[in-house]
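For reference, the structure is listed below as structure tokens.
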2 protein chains.
Amino acid sequence: MPELSVGQFSLVANMLSLTIAAMAATTLFLWLCRGQVASPYRIAVTVSGIVTFIAFYHYLRIYSSWMESYTLADGVVTATGVPFNHAYRYVDWLLTVPLLLIELILVMRLSAQETFSKSVRLGTLALLMVALGYPGEISSDNSTRLLWWSLAMVPFLWIIFELFVGLRKAIAVQPLAARGLISKARYLTIFSWAFYPIVFLFPMIGITGPMAETFLQVGYSVADIVSKCVLGILIFVIAMKKSETEVTA
Amino acid sequence: MPELSVGQFSLVANMLSLTIAAMAATTLFLWLCRGQVASPYRIAVTVSGIVTFIAFYHYLRIYSSWMESYTLADGVVTATGVPFNHAYRYVDWLLTVPLLLIELILVMRLSAQETFSKSVRLGTLALLMVALGYPGEISSDNSTRLLWWSLAMVPFLWIIFELFVGLRKAIAVQPLAARGLISKARYLTIFSWAFYPIVFLFPMIGITGPMAETFLQVGYSVADIVSKCVLGILIFVIAMKKSETEVTA
């Protein structure tokens, strides 16, 4: 365990707590307001809330694990010997990353056939990406880390390709009012996801220790808020726009 | 208690936590989206969520029991002397296994008479199956284990017979759009259930110790996610399809 300063320990604790609140708040907003969108979009909005709910649960666990790993007393942070469980993040991603792609597909309201096939394809790729990243994450050997990072990049790049090329036709037939927003949701997904493989490389280029650990925990939390809460709200806005268009059409 | 490595202890802890999240997420999804299906199918969807809710509760207990049985500190896993409570799984199955068969019957929307008689018959068989397995599970004597395993296999095989022969006529009159999915739900049930009696045999063929315990806990969790969450979502999709068919018909 890295030796943290009081400021570093507290910054992470406060950031994790902020993320718990953001996930819970987004979940409740999405579930409470799902009745505001037309019936065909309610599943997309509900799933967006399911994603933030799952993350809320895991941030509770991550926060507890952080608080069990260190004690802060008399102005000193001491490691307790209980390891901080990094794996909760991976467990969360295993469930939420496929669902994030599915919420994007659901709000497009494609045919049942296309919804199913695209959800299965993108969901499987996302699952594979997270699963391939984990053996690298827990390894302290740089070449092992690089190997799994490279393997995980294959499904990651494939997902980007699917989002930009595979969905192009489907986006072109979306109502005009929602088209720009759906495209934005795609970019938001890609840019917030890019944070994870970049941070993953840090220990390999010598960025380690308490400063790196602090940056990692804060960075993952911010990336999770953007990719889950902000995307969830965006999905809700898209669903609102599409509901209006289709009612007046 | 088997002596576990850090990796084995953590893998089980993370898998149990993942299962808690999966059960809670499925429950909320099914309950929030029950309004999306036609009124006659809402009970089936609600019961599917009741099943995952019961499992959510038991996985909280199983996770706590696991964390109380061992401590992980300074890179070593130590048994605390508090035994891990295997029985929570049986208690869960006593309630959920009959309900899993009932949700399958409910979504078929048979006559009230048939729904009742099939639910009682299959529910009783499922209850009997779980109850007969338990005395074998807690025994360390191989011949006692084999005896109860064989007794539990009688209702298990009877259930398979009922699902494939007894339900054949009822499935044949389902709307075409849903028939394939209902048949898939049957296969999903049988295949995910087959995992339990197979794993039960492990200690009898000499597969014991920390590796076997890890496989057992992870395997049961995966089997529970497939047989409860995946089946629940499938029941929801069947209910959606049948709602559409019947409205347009």
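Chain identifiers are assigned as A, B, and so on, following the order in which chains appear in the structure tokens; residues are numbered from 1 within each chain, and ligands are numbered from 1 in order of appearance.
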Worksheet entry | Phe9 (chain B) surroundings by only C-alpha atoms, 12 Å radius, close-in-sequence under 3 positions cut, as number ranges by chain | A: 85; B: 1-6, 12-16, 63, 66-73, 75-79, 210-211, 213-215, 217-218
Worksheet item: Could you write out as an NGL selection string the residues of chain B within 12 Å of chain A, counting only C-alpha atoms?
Response: :B and (6-7 or 9-37 or 71-77 or 177 or 225 or 236-237 or 240-241 or 244)
Worksheet entry | region 115-121 of chain A surroundings by only C-alpha atoms, 8 Å radius, close-in-sequence under 6 positions cut, as a list in words |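 The residues satisfying every condition are Leu101, Ile102, Ile105, Leu106 and Arg109 of chain A.
Among the candidates B:Leu147, B:Tyr187, B:Phe164, B:Ser227, the residue lying nearest to Trp93 (chain B) is B:Ser227 (atoms considered: only C-alpha atoms).
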Item to complete: Go through B:Arg179, B:Leu128, B:Ser140, B:Arg168 one by one, measure the shortest atom-to-atom distance of each to Val154 (chain B) using only C-alpha atoms, and give the residue with the smallest value.
Response: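 Distance minimum relative to Val154 (chain B) lands on B:Leu128.
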Worksheet item: When DSSP works through the backbone of this structure, what residues of region 25-139 of chain A end up as alpha helix (DSSP H), shown as an MDAnalysis selection string?
Response: chainID A and resid 25:32 42:69 87:108 112:137
Could you write those residues out with C-alpha atoms, as a CSV table (one decimal), in the first residue's frame?
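Wrote selection06.csv, looks like this:
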```csv
chain,number,residue,atom,x,y,z
A,25,ALA,CA,-28.9,11.1,-7.2
A,26,THR,CA,-28.8,10.2,-10.9
A,27,THR,CA,-30.4,6.9,-10.2
A,28,LEU,CA,-33.3,8.5,-8.4
A,29,PHE,CA,-33.7,11.2,-11.0
A,30,LEU,CA,-33.9,8.8,-13.9
A,31,TRP,CA,-36.3,6.4,-12.2
A,32,LEU,CA,-38.6,9.2,-10.8
A,42,ARG,CA,-38.8,4.0,-20.6
A,43,ILE,CA,-36.7,0.9,-20.8
A,44,ALA,CA,-33.7,2.9,-22.0
A,45,VAL,CA,-34.1,5.5,-19.1
A,46,THR,CA,-34.7,2.7,-16.6
A,47,VAL,CA,-31.5,0.9,-17.7
A,48,SER,CA,-29.6,4.2,-17.4
A,49,GLY,CA,-30.7,4.3,-13.8
A,50,ILE,CA,-29.8,0.6,-13.3
A,51,VAL,CA,-26.2,1.4,-14.4
A,52,THR,CA,-25.9,4.3,-11.9
A,53,PHE,CA,-27.5,2.1,-9.2
A,54,ILE,CA,-25.0,-0.7,-9.8
A,55,ALA,CA,-22.2,1.9,-9.6
A,56,PHE,CA,-23.8,3.4,-6.4
A,57,TYR,CA,-23.6,-0.1,-4.8
A,58,HIS,CA,-19.9,-0.5,-5.8
A,59,TYR,CA,-18.9,2.9,-4.7
A,60,LEU,CA,-20.3,2.1,-1.3
A,61,ARG,CA,-18.1,-1.0,-1.2
A,62,ILE,CA,-15.0,1.0,-2.6
A,63,TYR,CA,-15.5,3.7,0.0
A,64,SER,CA,-15.7,1.1,2.8
A,65,SER,CA,-12.6,-0.7,1.5
A,66,TRP,CA,-10.7,2.6,1.4
A,67,MET,CA,-11.7,3.4,4.9
A,68,GLU,CA,-10.7,-0.1,6.1
A,69,SER,CA,-7.3,0.1,4.4
A,87,ALA,CA,-11.3,-5.4,-8.0
A,88,TYR,CA,-14.7,-3.8,-7.0
A,89,ARG,CA,-14.1,-1.4,-10.0
A,90,TYR,CA,-13.7,-4.3,-12.4
A,91,VAL,CA,-16.7,-6.1,-11.0
A,92,ASP,CA,-18.7,-2.9,-11.5
A,93,TRP,CA,-17.4,-2.5,-15.1
A,94,LEU,CA,-18.2,-6.1,-15.9
A,95,LEU,CA,-21.9,-5.3,-15.3
A,96,THR,CA,-22.2,-1.6,-16.2
A,97,VAL,CA,-20.0,-1.3,-19.3
A,98,PRO,CA,-22.2,-3.7,-21.4
A,99,LEU,CA,-25.3,-1.9,-20.1
A,100,LEU,CA,-23.9,1.5,-21.0
A,101,LEU,CA,-23.7,0.4,-24.7
A,102,ILE,CA,-27.2,-1.2,-24.4
A,103,GLU,CA,-28.8,2.0,-23.1
A,104,LEU,CA,-27.4,3.9,-26.1
A,105,ILE,CA,-28.8,1.2,-28.4
A,106,LEU,CA,-32.2,1.2,-26.6
A,107,VAL,CA,-32.8,4.9,-26.9
A,108,MET,CA,-32.3,4.7,-30.7
A,112,ALA,CA,-36.3,-5.7,-32.1
A,113,GLN,CA,-34.0,-7.8,-34.3
A,114,GLU,CA,-31.4,-5.0,-34.6
A,115,THR,CA,-31.6,-4.0,-30.9
A,116,PHE,CA,-31.0,-7.6,-29.9
A,117,SER,CA,-28.1,-8.3,-32.3
A,118,LYS,CA,-26.3,-5.0,-31.6
A,119,SER,CA,-26.8,-5.4,-27.9
A,120,VAL,CA,-25.4,-8.9,-27.9
A,121,ARG,CA,-22.4,-7.8,-30.1
A,122,LEU,CA,-21.5,-4.6,-28.2
A,123,GLY,CA,-22.3,-6.1,-24.8
A,124,THR,CA,-20.0,-9.1,-25.5
A,125,LEU,CA,-17.2,-6.9,-26.7
A,126,ALA,CA,-17.5,-4.7,-23.6
A,127,LEU,CA,-17.4,-7.7,-21.3
A,128,LEU,CA,-14.4,-9.1,-23.1
A,129,MET,CA,-12.6,-5.7,-22.8
A,130,VAL,CA,-13.1,-5.5,-19.0
A,131,ALA,CA,-12.2,-9.2,-18.4
A,132,LEU,CA,-9.0,-8.9,-20.5
A,133,GLY,CA,-7.9,-5.8,-18.6
A,134,TYR,CA,-8.1,-7.4,-15.2
A,135,PRO,CA,-5.2,-9.8,-15.3
A,136,GLY,CA,-3.0,-6.9,-16.3
A,137,GLU,CA,-4.3,-4.6,-13.6
```
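For region 55-249 of chain A, backbone-based DSSP assignment of strand (DSSP E or B) covers Tyr70, Thr71, Leu72, Ala73, Val76, Val77, Thr78 and Ala79 of chain A.
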Worksheet item: Interatomic distance between CA of Ser139 (chain B) and CA of Pro197 (chain B)?
Response: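 Interatomic distance here is 15.0 Å.
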Worksheet item: Any idea what the distance is between CA of Val230 (chain B) and CA of Gln8 (chain B)?
Response: 25.9 Å
Item to complete: Mind checking which residues fall within 10 Å of Ile171 (chain B), counting only C-alpha atoms, ignoring those fewer than 4 positions away in the same chain, and posting them as a VMD selection string?
Response: chain B and resid 108 110 163 to 164 166 to 167 175 to 176 178 to 180 182 to 183
Worksheet item: Which value, in Å to one decimal, gives the distance between CA of Trp193 (chain B) and CA of Asp141 (chain B)?
Response: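 Calculated distance between CA of Trp193 (chain B) and CA of Asp141 (chain B) is 24.0 Å.
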